[in-house]
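Peer 1: Structure provided below as structure tokens; questions to follow.
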Amino acid sequence: MPPRPPRPRPQSRSPRPRSRSPRSQSRPPRPQCGRKQPSRNPLRAASAPYRQLFDIPGTRAFTIGNLIARLPMGMFSVSAVIMIAGTRGSYALAGAVTATGLAATAVVAPWTARLVDRHGQARIAVPASAVAALGSVALLLCVHYGAPDWTLFAAYAGTATTPNTGGMSRARWAHLLKRDTARLHTANSFEQAADELCFMCGPVLAALLCGALFPEAGTLVAVVLLLTGVLLFTAQRSTEPPARGRTDAGVPSPLRAPGIPPLLIAFLATGAVFGSMEVVTIAFADAQGHRSAAGVVLALQAAGSCAAGLVYGLYGLYGLRGLHGALRTTRAVERRVERRYVLGIAAMVPLVCLPLLAATLGGGLVAVGLALLVAGMATAPTMVTAMTLLQHRTPEGRLNEGMTLAVTGLLGGIACGAALGGWVVEHASAAAGYGVPGVAATTALLIALATASHPSPASLEGRGPSGPSNA
């Protein structure tokens with residue numbers, strides 16, 4: 001058989017280029033892993049830490065109730081002064097009555113807070129608010145029907161049982177976020193901003209009600225808001241910290257805990273900054289012939305503090321995130337917060353001197369108002385870190401009592417600062433009175449520097465202020 005011819009080898013085909021469809025060409029490239037995409041809404045991204053706080057069930061409800069109950073705190077004293085001075089014609093009597101109520105609150109408030117920690121917020125806050133409301137109503141009736149002056153002192157002293165709603169709200173955040181230092185810092189920043197907002201809007205609302213309706217309107221509305229807010233707040237039982245009962249009998253009082261007494265003295269000096277600034281600003285506005293604008297000027301200071309507190313909450317979120325994982329000790333967290341506290345007071349000293357500079361250089365009320373706006377920006381960050389430091393140093397089970405002691409120190413400082421500022425204004429000038437806040441802030445800084453690095457009971461036991469740490 002003839003041999004078969006060899007088969008021709010197939011020629012190698014060159015690869016045909018693949019044509020991309022228009023759909024594949026228009027598809028955007030996939031983002032690389034690990035690279036964070038920019039947010040389309042910067043405002044939404046910036047508010048994300050605060051929105052995450054209120055994603056926790058029950059937090060929105062108790063916050064709304066607490067804000068309603070906290071607003072009257074800035075209304076009672078202003079309403080009482082306008083009501084008493086308007087009907088009795090004596091600002092001296094009005095000031096003495098409100099000072100008596102402040103002194104009674106300083107004595108009674110820590111005992112009320114101790115009962116709240118021991119028996120629960122709902123069981124104590126509601127009857128305590130009812131007693132305080134009866135005291136305000138009694139003051140209103142005594143003023144309206146012309147009762148003797150001594151009855152005004154007795155009635156207003158009955159309002160000393162008003163619970164520290166801001167402290168109870170912070171205690172709830174500490175209970176819910178006891179293992180999350182960063183978010184607890186953000187919650188404390190929000191609470192401080194809420195304080196500034198209430199003390200900014202409360203006096204304005206009180207003055208508006210007393211002037212537009214009748215002198216007793218501010219006190220009456222404040223009583224209704226207090227009772228309504230406390231009832232709404234205490235109705236949220238799911239977020240309430242557990243009552244300690246008598247188990248805290250062997251726990252030392254916050255007054256004897258390491259590092260708390262000097263911190264309370266610093267609160268006293270810080271309160272003197274606020275009290276003197278308020279009185280001196282009213283006197284300066286009166287000297288400029290614009291006494292009615294004093295409330296607006298003081299509102300600028302509160303607005304600056306409110307804005308700084310919200311911004312500082314975002315900074316604290318990123319500055320404290322991962323701190324437990326990196327340093328592993330509660331003491332390291334406390335030392336970081338303590339350094340921020342000292343830096344906050346150090347920044348407050350030159351800022352609170354700006355109104356003095358504006359007033360002595362011949363600046364008018366507008367210049368002083370702008371200086372107060374800037375000066376207020378140091379208030380909230382300092383108070384946020386101070387409250388956080390207090391939480392770390394307060395023994396477990398006494399958190400609300402420790403917070404109330406801090407508020408009592410602030411109130412005492414406000415009273416002393418107001419008296420000292422008024423004395424300087426009377427014996428020197430309104431412009432010279434702005435030196436009192438600078439002296440008080442410097443005193444607070446010296447106290448903070450001299451008493452830094454005190455170990456807390458929580459760090460000595462290796463746990464946080466409200467429970468075990470992540471270590």
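Ordering of the structure tokens sets the chain letters (A, B, ...); residue numbers start at 1 within each chain; ligands are numbered from 1 in the order shown.
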Residues of stretch 215-310 of chain A that approach stretch 52-59 of chain A to 10 Å or less, counting only C-alpha atoms: could you list each one with the shortest pair of atoms and its distance in Å to one decimal, rows by chain and increasing residue number, as a tab-separated table?
Peer 2:
residue	atom	partner	partner_atom	distance
A:Gln236	CA	A:Gly58	CA	6.7
A:Arg237	CA	A:Gly58	CA	8.7
A:Ser238	CA	A:Gly58	CA	6.9
A:Thr239	CA	A:Gly58	CA	6.3
A:Glu240	CA	A:Gly58	CA	9.7
Peer 1: Write to file, as an mmCIF file, in the first residue's frame, the residues of the selection just made, with all heavy atoms.
Peer 2:
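Full text of out22.cif as output:
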data_model
loop_
_atom_site.group_PDB
_atom_site.id
_atom_site.type_symbol
_atom_site.label_atom_id
_atom_site.label_comp_id
_atom_site.auth_asym_id
_atom_site.auth_seq_id
_atom_site.Cartn_x
_atom_site.Cartn_y
_atom_site.Cartn_z
ATOM 1 N N GLN A 236 -38.571 55.120 81.710
ATOM 2 C CA GLN A 236 -37.709 54.276 80.870
ATOM 3 C C GLN A 236 -36.883 53.369 81.782
ATOM 4 O O GLN A 236 -35.732 53.649 82.108
ATOM 5 C CB GLN A 236 -36.814 55.141 79.988
ATOM 6 C CG GLN A 236 -37.524 56.288 79.301
ATOM 7 C CD GLN A 236 -38.735 55.823 78.511
ATOM 8 O OE1 GLN A 236 -38.676 54.822 77.801
ATOM 9 N NE2 GLN A 236 -39.830 56.566 78.624
ATOM 10 N N ARG A 237 -37.458 52.279 82.212
ATOM 11 C CA ARG A 237 -36.820 51.409 83.195
ATOM 12 C C ARG A 237 -35.739 50.527 82.588
ATOM 13 O O ARG A 237 -34.871 50.022 83.310
ATOM 14 C CB ARG A 237 -37.875 50.534 83.880
ATOM 15 C CG ARG A 237 -39.012 51.307 84.514
ATOM 16 C CD ARG A 237 -38.507 52.263 85.583
ATOM 17 N NE ARG A 237 -37.987 51.542 86.723
ATOM 18 C CZ ARG A 237 -38.708 51.207 87.788
ATOM 19 N NH1 ARG A 237 -39.995 51.559 87.847
ATOM 20 N NH2 ARG A 237 -38.173 50.572 88.804
ATOM 21 N N SER A 238 -35.767 50.314 81.267
ATOM 22 C CA SER A 238 -34.798 49.395 80.659
ATOM 23 C C SER A 238 -33.372 49.933 80.683
ATOM 24 O O SER A 238 -32.411 49.169 80.664
ATOM 25 C CB SER A 238 -35.196 49.088 79.212
ATOM 26 O OG SER A 238 -35.206 50.273 78.427
ATOM 27 N N THR A 239 -33.215 51.248 80.708
ATOM 28 C CA THR A 239 -31.885 51.851 80.716
ATOM 29 C C THR A 239 -31.450 52.309 82.103
ATOM 30 O O THR A 239 -30.349 52.842 82.247
ATOM 31 C CB THR A 239 -31.852 53.062 79.767
ATOM 32 O OG1 THR A 239 -32.876 53.995 80.159
ATOM 33 C CG2 THR A 239 -32.101 52.631 78.332
ATOM 34 N N GLU A 240 -32.281 52.102 83.118
ATOM 35 C CA GLU A 240 -31.952 52.576 84.456
ATOM 36 C C GLU A 240 -30.879 51.700 85.091
ATOM 37 O O GLU A 240 -30.953 50.468 85.030
ATOM 38 C CB GLU A 240 -33.213 52.566 85.332
ATOM 39 C CG GLU A 240 -32.981 53.061 86.745
ATOM 40 C CD GLU A 240 -34.258 53.038 87.571
ATOM 41 O OE1 GLU A 240 -35.314 52.734 86.989
ATOM 42 O OE2 GLU A 240 -34.190 53.324 88.772
#
Peer 1: Just list the residues in stretch 45-183 of chain A DSSP gives alpha helix (DSSP H) on the backbone, as a PDB file with C-alpha atoms, in the first residue's frame.
Peer 2:
ATOM      1  CA  ALA A  45     -20.692  61.506  58.598  1.00  0.00           C
ATOM      2  CA  ALA A  46     -19.746  64.015  61.290  1.00  0.00           C
ATOM      3  CA  ALA A  48     -22.506  59.511  62.998  1.00  0.00           C
ATOM      4  CA  PRO A  49     -21.015  59.053  66.514  1.00  0.00           C
ATOM      5  CA  TYR A  50     -23.986  60.819  68.088  1.00  0.00           C
ATOM      6  CA  ARG A  51     -26.474  58.899  65.947  1.00  0.00           C
ATOM      7  CA  GLN A  52     -24.820  55.657  67.048  1.00  0.00           C
ATOM      8  CA  LEU A  53     -25.422  56.618  70.660  1.00  0.00           C
ATOM      9  CA  THR A  59     -31.748  56.158  74.906  1.00  0.00           C
ATOM     10  CA  ARG A  60     -33.853  58.536  72.830  1.00  0.00           C
ATOM     11  CA  ALA A  61     -36.804  58.303  75.199  1.00  0.00           C
ATOM     12  CA  PHE A  62     -34.854  58.933  78.394  1.00  0.00           C
ATOM     13  CA  THR A  63     -32.888  61.754  76.735  1.00  0.00           C
ATOM     14  CA  ILE A  64     -36.076  63.570  75.687  1.00  0.00           C
ATOM     15  CA  GLY A  65     -37.511  63.254  79.189  1.00  0.00           C
ATOM     16  CA  ASN A  66     -34.268  64.405  80.762  1.00  0.00           C
ATOM     17  CA  LEU A  67     -34.024  67.467  78.526  1.00  0.00           C
ATOM     18  CA  ILE A  68     -37.563  68.475  79.497  1.00  0.00           C
ATOM     19  CA  ALA A  69     -36.711  68.042  83.181  1.00  0.00           C
ATOM     20  CA  ARG A  70     -33.354  69.823  82.845  1.00  0.00           C
ATOM     21  CA  PHE A  76     -36.183  78.639  88.630  1.00  0.00           C
ATOM     22  CA  SER A  77     -33.685  81.184  89.925  1.00  0.00           C
ATOM     23  CA  VAL A  78     -34.382  83.769  87.206  1.00  0.00           C
ATOM     24  CA  SER A  79     -38.136  83.347  87.648  1.00  0.00           C
ATOM     25  CA  ALA A  80     -37.830  83.714  91.409  1.00  0.00           C
ATOM     26  CA  VAL A  81     -35.770  86.897  91.128  1.00  0.00           C
ATOM     27  CA  ILE A  82     -38.190  88.480  88.628  1.00  0.00           C
ATOM     28  CA  MET A  83     -41.232  87.381  90.611  1.00  0.00           C
ATOM     29  CA  ILE A  84     -39.978  88.587  94.014  1.00  0.00           C
ATOM     30  CA  ALA A  85     -38.391  91.810  92.762  1.00  0.00           C
ATOM     31  CA  GLY A  86     -41.444  92.637  90.672  1.00  0.00           C
ATOM     32  CA  THR A  87     -43.920  92.279  93.540  1.00  0.00           C
ATOM     33  CA  ARG A  88     -41.805  93.255  96.582  1.00  0.00           C
ATOM     34  CA  TYR A  91     -33.549  92.828  94.393  1.00  0.00           C
ATOM     35  CA  ALA A  92     -31.708  92.341  97.677  1.00  0.00           C
ATOM     36  CA  LEU A  93     -34.575  90.238  99.044  1.00  0.00           C
ATOM     37  CA  ALA A  94     -34.779  88.280  95.793  1.00  0.00           C
ATOM     38  CA  GLY A  95     -31.038  87.565  95.850  1.00  0.00           C
ATOM     39  CA  ALA A  96     -31.125  86.496  99.488  1.00  0.00           C
ATOM     40  CA  VAL A  97     -34.009  84.095  98.864  1.00  0.00           C
ATOM     41  CA  THR A  98     -32.303  82.438  95.885  1.00  0.00           C
ATOM     42  CA  ALA A  99     -29.008  82.213  97.821  1.00  0.00           C
ATOM     43  CA  THR A 100     -30.846  80.429 100.631  1.00  0.00           C
ATOM     44  CA  GLY A 101     -32.267  77.921  98.178  1.00  0.00           C
ATOM     45  CA  LEU A 102     -28.798  77.363  96.719  1.00  0.00           C
ATOM     46  CA  ALA A 103     -27.308  76.742 100.158  1.00  0.00           C
ATOM     47  CA  ALA A 104     -30.095  74.301 101.042  1.00  0.00           C
ATOM     48  CA  THR A 105     -29.536  72.459  97.757  1.00  0.00           C
ATOM     49  CA  ALA A 106     -25.815  72.140  98.498  1.00  0.00           C
ATOM     50  CA  VAL A 107     -26.672  70.382 101.769  1.00  0.00           C
ATOM     51  CA  VAL A 108     -29.588  68.202 100.639  1.00  0.00           C
ATOM     52  CA  ALA A 109     -28.550  67.222  97.083  1.00  0.00           C
ATOM     53  CA  PRO A 110     -25.798  64.709  98.048  1.00  0.00           C
ATOM     54  CA  TRP A 111     -28.223  62.884 100.361  1.00  0.00           C
ATOM     55  CA  THR A 112     -30.826  62.742  97.608  1.00  0.00           C
ATOM     56  CA  ALA A 113     -28.224  61.373  95.198  1.00  0.00           C
ATOM     57  CA  ARG A 114     -27.164  58.730  97.713  1.00  0.00           C
ATOM     58  CA  LEU A 115     -30.764  57.558  98.000  1.00  0.00           C
ATOM     59  CA  VAL A 116     -31.000  57.446  94.195  1.00  0.00           C
ATOM     60  CA  ASP A 117     -27.932  55.192  93.979  1.00  0.00           C
ATOM     61  CA  ARG A 118     -29.197  52.979  96.772  1.00  0.00           C
ATOM     62  CA  HIS A 119     -32.885  52.604  95.849  1.00  0.00           C
ATOM     63  CA  GLN A 121     -33.801  56.548  90.102  1.00  0.00           C
ATOM     64  CA  ALA A 122     -37.541  56.015  89.696  1.00  0.00           C
ATOM     65  CA  ARG A 123     -38.259  55.347  93.381  1.00  0.00           C
ATOM     66  CA  ILE A 124     -36.457  58.487  94.621  1.00  0.00           C
ATOM     67  CA  ALA A 125     -36.507  61.035  91.789  1.00  0.00           C
ATOM     68  CA  VAL A 126     -40.306  61.158  91.445  1.00  0.00           C
ATOM     69  CA  PRO A 127     -41.168  61.912  95.107  1.00  0.00           C
ATOM     70  CA  ALA A 128     -38.153  64.245  95.412  1.00  0.00           C
ATOM     71  CA  SER A 129     -39.365  66.219  92.390  1.00  0.00           C
ATOM     72  CA  ALA A 130     -42.879  66.358  93.849  1.00  0.00           C
ATOM     73  CA  VAL A 131     -41.529  67.853  97.105  1.00  0.00           C
ATOM     74  CA  ALA A 132     -39.466  70.405  95.149  1.00  0.00           C
ATOM     75  CA  ALA A 133     -42.518  71.309  93.054  1.00  0.00           C
ATOM     76  CA  LEU A 134     -44.543  71.905  96.220  1.00  0.00           C
ATOM     77  CA  GLY A 135     -41.807  74.247  97.447  1.00  0.00           C
ATOM     78  CA  SER A 136     -41.939  76.269  94.226  1.00  0.00           C
ATOM     79  CA  VAL A 137     -45.725  76.432  94.330  1.00  0.00           C
ATOM     80  CA  ALA A 138     -45.571  77.540  97.976  1.00  0.00           C
ATOM     81  CA  LEU A 139     -43.138  80.312  97.020  1.00  0.00           C
ATOM     82  CA  LEU A 140     -45.467  81.395  94.229  1.00  0.00           C
ATOM     83  CA  LEU A 141     -48.472  81.546  96.588  1.00  0.00           C
ATOM     84  CA  CYS A 142     -46.523  83.396  99.293  1.00  0.00           C
ATOM     85  CA  VAL A 143     -45.390  86.031  96.809  1.00  0.00           C
ATOM     86  CA  HIS A 144     -48.818  86.364  95.217  1.00  0.00           C
ATOM     87  CA  ASP A 149     -40.674  87.674 103.980  1.00  0.00           C
ATOM     88  CA  TRP A 150     -39.536  84.745 106.124  1.00  0.00           C
ATOM     89  CA  THR A 151     -42.050  82.488 104.385  1.00  0.00           C
ATOM     90  CA  LEU A 152     -40.259  83.089 101.081  1.00  0.00           C
ATOM     91  CA  PHE A 153     -37.027  81.708 102.535  1.00  0.00           C
ATOM     92  CA  ALA A 154     -38.783  78.674 103.994  1.00  0.00           C
ATOM     93  CA  ALA A 155     -40.685  77.928 100.791  1.00  0.00           C
ATOM     94  CA  TYR A 156     -37.674  78.231  98.489  1.00  0.00           C
ATOM     95  CA  ALA A 157     -35.581  76.056 100.808  1.00  0.00           C
ATOM     96  CA  THR A 165     -31.332  65.024  86.369  1.00  0.00           C
ATOM     97  CA  GLY A 166     -28.101  65.637  84.474  1.00  0.00           C
ATOM     98  CA  GLY A 167     -26.214  63.350  86.847  1.00  0.00           C
ATOM     99  CA  MET A 168     -28.858  60.636  86.508  1.00  0.00           C
ATOM    100  CA  SER A 169     -28.608  60.834  82.729  1.00  0.00           C
ATOM    101  CA  ARG A 170     -24.798  60.527  82.854  1.00  0.00           C
ATOM    102  CA  ALA A 171     -25.168  57.567  85.208  1.00  0.00           C
ATOM    103  CA  ARG A 172     -27.351  55.826  82.614  1.00  0.00           C
ATOM    104  CA  TRP A 173     -24.776  56.390  79.888  1.00  0.00           C
ATOM    105  CA  ALA A 174     -22.036  55.067  82.187  1.00  0.00           C
ATOM    106  CA  HIS A 175     -24.144  51.969  82.841  1.00  0.00           C
ATOM    107  CA  LEU A 176     -24.879  51.355  79.152  1.00  0.00           C
ATOM    108  CA  THR A 181     -14.513  54.473  76.674  1.00  0.00           C
ATOM    109  CA  ALA A 182     -14.773  56.333  73.367  1.00  0.00           C
ATOM    110  CA  ARG A 183     -18.556  56.309  73.146  1.00  0.00           C
TER     111      ARG A 183
END
Peer 1: Identify, on the basis of only C-alpha atoms, every residue whose closest approach to A:Leu370 does not exceed 10 Å; exclude the query and any residue fewer than 6 positions from it along the same chain; express the result as a PyMOL selection string.
Peer 2: chain A and resi 297+300-301+304+354-355+358+376
Peer 1: Only N, CA, C and O atoms, please: the residues just picked out, written as a compact mmCIF listing (two decimals), in the first residue's frame.
Peer 2:
# COMPACT_ATOMS: atom_id res chain seq x y z
N VAL A 297 -25.98 88.46 75.41
CA VAL A 297 -24.51 88.37 75.46
C VAL A 297 -24.09 87.12 76.22
O VAL A 297 -23.18 86.39 75.80
N LEU A 300 -24.33 84.03 74.15
CA LEU A 300 -23.22 83.79 73.24
C LEU A 300 -22.16 82.90 73.90
O LEU A 300 -21.59 82.02 73.26
N GLN A 301 -21.90 83.13 75.19
CA GLN A 301 -20.94 82.29 75.89
C GLN A 301 -21.43 80.84 75.95
O GLN A 301 -20.67 79.90 75.71
N GLY A 304 -21.11 79.19 72.47
CA GLY A 304 -19.75 78.76 72.17
C GLY A 304 -19.39 77.49 72.91
O GLY A 304 -18.75 76.59 72.35
N LEU A 354 -10.02 87.11 77.74
CA LEU A 354 -10.35 87.90 76.55
C LEU A 354 -11.42 88.97 76.82
O LEU A 354 -11.29 90.10 76.34
N PRO A 355 -12.50 88.68 77.58
CA PRO A 355 -13.44 89.76 77.89
C PRO A 355 -12.80 90.90 78.67
O PRO A 355 -13.15 92.07 78.47
N ALA A 358 -11.00 92.94 76.12
CA ALA A 358 -11.92 93.70 75.27
C ALA A 358 -12.53 94.87 76.04
O ALA A 358 -12.73 95.96 75.48
N GLY A 376 -16.21 80.91 75.86
CA GLY A 376 -17.06 79.77 76.17
C GLY A 376 -16.62 78.48 75.53
O GLY A 376 -17.01 77.40 75.99
Peer 1: So what do you get for atom CA of A:Ser189 versus atom CA of A:Gly309, distance-wise?
Peer 2: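 Separating atom CA of A:Ser189 from atom CA of A:Gly309 is a distance of 5.4 Å.
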